[in-house]
Structure formats: C-alpha cells, structure tokens
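Just below is one structure, and these are the notes that go with it.
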Amino acid sequence: MATDTTPERIDPPTLASPVMGLYSHVVVAPGTRFVAIAGQVALDRDGTLVGPGDHVRQAEQAFRNFRHAIEAAGATPDQLVKNTIHVVGHRPELIEPIFAAGRRAFDGHWPLSASTYLGVQSLGLPEWLIEVDGFAVLP
C-alpha cells in the first residue's frame with residue numbers, strides 16, 4: 001500500500017506479470033501536483049549530443065536528464081507514475097542494455113511506473129536515438 005506521498009503500484013493477478021519486472025500495470029498516485037516531464041534526449045548541459053550513434057550511451061544520458069528534470073520539480077524518482085521510452089531502430093537485443101543504462105542513471109534503482117517502450121522510426125533530430133518522457137505526482 002502506498003504511503004501519503006508514494007504512488008501505489010498494482011499488478012493484478014488477472015494480468016500477466018510485467019515483462020522483465022520493468023514496470024507496473026497500474027499506478028495510483030496520491031497528491032495534488034501533477035508534473036509533466038518533456039521528452040529528454042542525450043544532450044549534456046551544454047547542448048552537446050552524448051554518444052552519437054550509440055543507443056546505450058544516449059540512453060544513459062537521456063535517463064540522467066529525465067532524473068534531473070524529475071528532481072528539479074521537487075519529485076523523487078519513486079513519485080514517477082508514467083514514462084515512455086522512445087527508441088529509434090529498436091531491436092529486441094537493445095532492451096536489456098537500455099534498461100541497464102537507466103538503472104545506472106538512477107543509481108541502481110529503476111523507478112517502477114506505468115511504462116511504455118516504443119520502437120520509432122525517428123525523433124526530432126536524426127542523430128537522436130532515445131527520448132524519455134513521463135509524469136510524476138507530488139503531494
């Protein structure tokens with residue numbers, strides 16, 4: 001059960017278990033402040049692309065940026081209720097390395113939320129390979 005500020009994560013027995021344990025089917029968020037995090041890509045604070053042509057390096061930087069955005073709103077990663085991961089040129093063998101990059105960006109603790117992982121044809125600029133966006137709720 002959720003505390004006053006922690007979203008409740010529900011994986012009903014009527015649904016298959018979350019694939020690889022990387023998300024929750026349902027997230028019930030307490031609180032009154034809704035935080036929307038824009039798509040974060042692999043640009044460092046100076047606007048330089050990190051890891052051109054490298055999905056894993058771009059994923060780690062995009063997840064770091066996503067974490068910084070969450071924290072800038074006064075939220076913790078555990079208050080994340082939804083995220084979407086957009087991957088250009090998705091292949092099944094990219095799933096684990098991309099989530100491993102995410103775990104590194106979150107200091108080894110992947111924040112479980114309702115989550116969507118999408119293979120896409122392209123993002124805003126042709127050199128971008130990963131983009132992460134999401135929502136958090138604050139008390």
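Ordering of the structure tokens sets the chain letters (A, B, ...), residue numbers begin anew at 1 in every chain, and ligands are numbered from 1 in the order given.
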- Task: For region 120-123 of chain A, list every protein, DNA or RNA residue within 10 Å, evaluated using only C-alpha atoms, and leave out those in the same chain fewer than 4 positions away; present the list as a PyMOL selection string.
- Result: chain A and resi 41+85-90+127-131
- Task: Find the spatial neighbours of Asp11 (chain A), counting only C-alpha atoms, within a cut-off of 9 Å - ignore same-chain residues fewer than 3 positions away - and output them as a list in words.
- Result: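 My reading of the contact set: Thr14, Leu15, Ala16, Ser17, Pro18, Ser24, His25, Val26 and Val27 of chain A.
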- Query: Residues of region 43-139 of chain A in alpha helix (DSSP H) according to DSSP, as JSON, numbers by chain?
  - Reply: {"A": [55, 56, 57, 58, 59, 60, 61, 62, 63, 64, 65, 66, 67, 68, 69, 70, 71, 72, 95, 96, 97, 98, 99, 100, 101, 102, 103, 104, 105]}
Output for the residues just chosen: N, CA and C atoms as a PDB file, in the first residue's frame:
```
ATOM      1  N   HIS A  55      23.166   3.712 -28.934  1.00  0.00           N
ATOM      2  CA  HIS A  55      21.918   3.658 -28.176  1.00  0.00           C
ATOM      3  C   HIS A  55      22.147   3.658 -26.666  1.00  0.00           C
ATOM      4  N   VAL A  56      23.101   2.898 -26.204  1.00  0.00           N
ATOM      5  CA  VAL A  56      23.292   2.741 -24.756  1.00  0.00           C
ATOM      6  C   VAL A  56      23.813   4.029 -24.126  1.00  0.00           C
ATOM      7  N   ARG A  57      24.807   4.654 -24.732  1.00  0.00           N
ATOM      8  CA  ARG A  57      25.320   5.914 -24.176  1.00  0.00           C
ATOM      9  C   ARG A  57      24.253   6.995 -24.214  1.00  0.00           C
ATOM     10  N   GLN A  58      23.485   7.036 -25.313  1.00  0.00           N
ATOM     11  CA  GLN A  58      22.412   8.022 -25.390  1.00  0.00           C
ATOM     12  C   GLN A  58      21.331   7.732 -24.351  1.00  0.00           C
ATOM     13  N   ALA A  59      21.026   6.453 -24.150  1.00  0.00           N
ATOM     14  CA  ALA A  59      20.006   6.103 -23.152  1.00  0.00           C
ATOM     15  C   ALA A  59      20.433   6.574 -21.767  1.00  0.00           C
ATOM     16  N   GLU A  60      21.681   6.318 -21.392  1.00  0.00           N
ATOM     17  CA  GLU A  60      22.116   6.711 -20.050  1.00  0.00           C
ATOM     18  C   GLU A  60      22.016   8.224 -19.863  1.00  0.00           C
ATOM     19  N   GLN A  61      22.421   9.005 -20.866  1.00  0.00           N
ATOM     20  CA  GLN A  61      22.336  10.461 -20.743  1.00  0.00           C
ATOM     21  C   GLN A  61      20.882  10.920 -20.728  1.00  0.00           C
ATOM     22  N   ALA A  62      20.044  10.338 -21.576  1.00  0.00           N
ATOM     23  CA  ALA A  62      18.624  10.718 -21.594  1.00  0.00           C
ATOM     24  C   ALA A  62      17.972  10.405 -20.247  1.00  0.00           C
ATOM     25  N   PHE A  63      18.276   9.240 -19.672  1.00  0.00           N
ATOM     26  CA  PHE A  63      17.717   8.904 -18.353  1.00  0.00           C
ATOM     27  C   PHE A  63      18.267   9.821 -17.266  1.00  0.00           C
ATOM     28  N   ARG A  64      19.540  10.204 -17.359  1.00  0.00           N
ATOM     29  CA  ARG A  64      20.091  11.159 -16.379  1.00  0.00           C
ATOM     30  C   ARG A  64      19.345  12.490 -16.475  1.00  0.00           C
ATOM     31  N   ASN A  65      19.131  12.949 -17.704  1.00  0.00           N
ATOM     32  CA  ASN A  65      18.402  14.200 -17.901  1.00  0.00           C
ATOM     33  C   ASN A  65      16.978  14.076 -17.360  1.00  0.00           C
ATOM     34  N   PHE A  66      16.349  12.943 -17.604  1.00  0.00           N
ATOM     35  CA  PHE A  66      14.996  12.685 -17.111  1.00  0.00           C
ATOM     36  C   PHE A  66      14.977  12.754 -15.583  1.00  0.00           C
ATOM     37  N   ARG A  67      15.962  12.136 -14.953  1.00  0.00           N
ATOM     38  CA  ARG A  67      16.057  12.170 -13.497  1.00  0.00           C
ATOM     39  C   ARG A  67      16.245  13.605 -13.001  1.00  0.00           C
ATOM     40  N   HIS A  68      17.142  14.358 -13.658  1.00  0.00           N
ATOM     41  CA  HIS A  68      17.354  15.758 -13.258  1.00  0.00           C
ATOM     42  C   HIS A  68      16.059  16.558 -13.374  1.00  0.00           C
ATOM     43  N   ALA A  69      15.286  16.315 -14.414  1.00  0.00           N
ATOM     44  CA  ALA A  69      14.022  17.033 -14.600  1.00  0.00           C
ATOM     45  C   ALA A  69      13.033  16.673 -13.493  1.00  0.00           C
ATOM     46  N   ILE A  70      12.946  15.395 -13.155  1.00  0.00           N
ATOM     47  CA  ILE A  70      12.058  14.955 -12.066  1.00  0.00           C
ATOM     48  C   ILE A  70      12.449  15.665 -10.767  1.00  0.00           C
ATOM     49  N   GLU A  71      13.742  15.641 -10.463  1.00  0.00           N
ATOM     50  CA  GLU A  71      14.225  16.235  -9.223  1.00  0.00           C
ATOM     51  C   GLU A  71      14.077  17.757  -9.219  1.00  0.00           C
ATOM     52  N   ALA A  72      14.190  18.402 -10.382  1.00  0.00           N
ATOM     53  CA  ALA A  72      14.029  19.846 -10.460  1.00  0.00           C
ATOM     54  C   ALA A  72      12.607  20.265 -10.083  1.00  0.00           C
ATOM     55  N   ILE A  95      16.819  -3.988 -25.494  1.00  0.00           N
ATOM     56  CA  ILE A  95      16.012  -3.787 -24.287  1.00  0.00           C
ATOM     57  C   ILE A  95      16.864  -3.822 -23.025  1.00  0.00           C
ATOM     58  N   GLU A  96      17.586  -4.886 -22.806  1.00  0.00           N
ATOM     59  CA  GLU A  96      18.353  -5.001 -21.554  1.00  0.00           C
ATOM     60  C   GLU A  96      19.432  -3.925 -21.439  1.00  0.00           C
ATOM     61  N   PRO A  97      20.238  -3.661 -22.478  1.00  0.00           N
ATOM     62  CA  PRO A  97      21.249  -2.602 -22.322  1.00  0.00           C
ATOM     63  C   PRO A  97      20.641  -1.219 -22.070  1.00  0.00           C
ATOM     64  N   ILE A  98      19.491  -0.930 -22.655  1.00  0.00           N
ATOM     65  CA  ILE A  98      18.850   0.364 -22.432  1.00  0.00           C
ATOM     66  C   ILE A  98      18.352   0.463 -20.994  1.00  0.00           C
ATOM     67  N   PHE A  99      17.727  -0.598 -20.475  1.00  0.00           N
ATOM     68  CA  PHE A  99      17.275  -0.552 -19.085  1.00  0.00           C
ATOM     69  C   PHE A  99      18.450  -0.573 -18.113  1.00  0.00           C
ATOM     70  N   ALA A 100      19.547  -1.242 -18.478  1.00  0.00           N
ATOM     71  CA  ALA A 100      20.747  -1.200 -17.628  1.00  0.00           C
ATOM     72  C   ALA A 100      21.282   0.230 -17.560  1.00  0.00           C
ATOM     73  N   ALA A 101      21.253   0.938 -18.681  1.00  0.00           N
ATOM     74  CA  ALA A 101      21.670   2.346 -18.694  1.00  0.00           C
ATOM     75  C   ALA A 101      20.751   3.172 -17.786  1.00  0.00           C
ATOM     76  N   GLY A 102      19.450   2.873 -17.828  1.00  0.00           N
ATOM     77  CA  GLY A 102      18.506   3.560 -16.953  1.00  0.00           C
ATOM     78  C   GLY A 102      18.789   3.295 -15.492  1.00  0.00           C
ATOM     79  N   ARG A 103      19.093   2.049 -15.164  1.00  0.00           N
ATOM     80  CA  ARG A 103      19.411   1.726 -13.765  1.00  0.00           C
ATOM     81  C   ARG A 103      20.657   2.491 -13.312  1.00  0.00           C
ATOM     82  N   ARG A 104      21.664   2.595 -14.178  1.00  0.00           N
ATOM     83  CA  ARG A 104      22.867   3.369 -13.820  1.00  0.00           C
ATOM     84  C   ARG A 104      22.503   4.835 -13.577  1.00  0.00           C
ATOM     85  N   ALA A 105      21.657   5.398 -14.435  1.00  0.00           N
ATOM     86  CA  ALA A 105      21.273   6.802 -14.289  1.00  0.00           C
ATOM     87  C   ALA A 105      20.496   7.054 -13.003  1.00  0.00           C
TER      88      ALA A 105
END
```
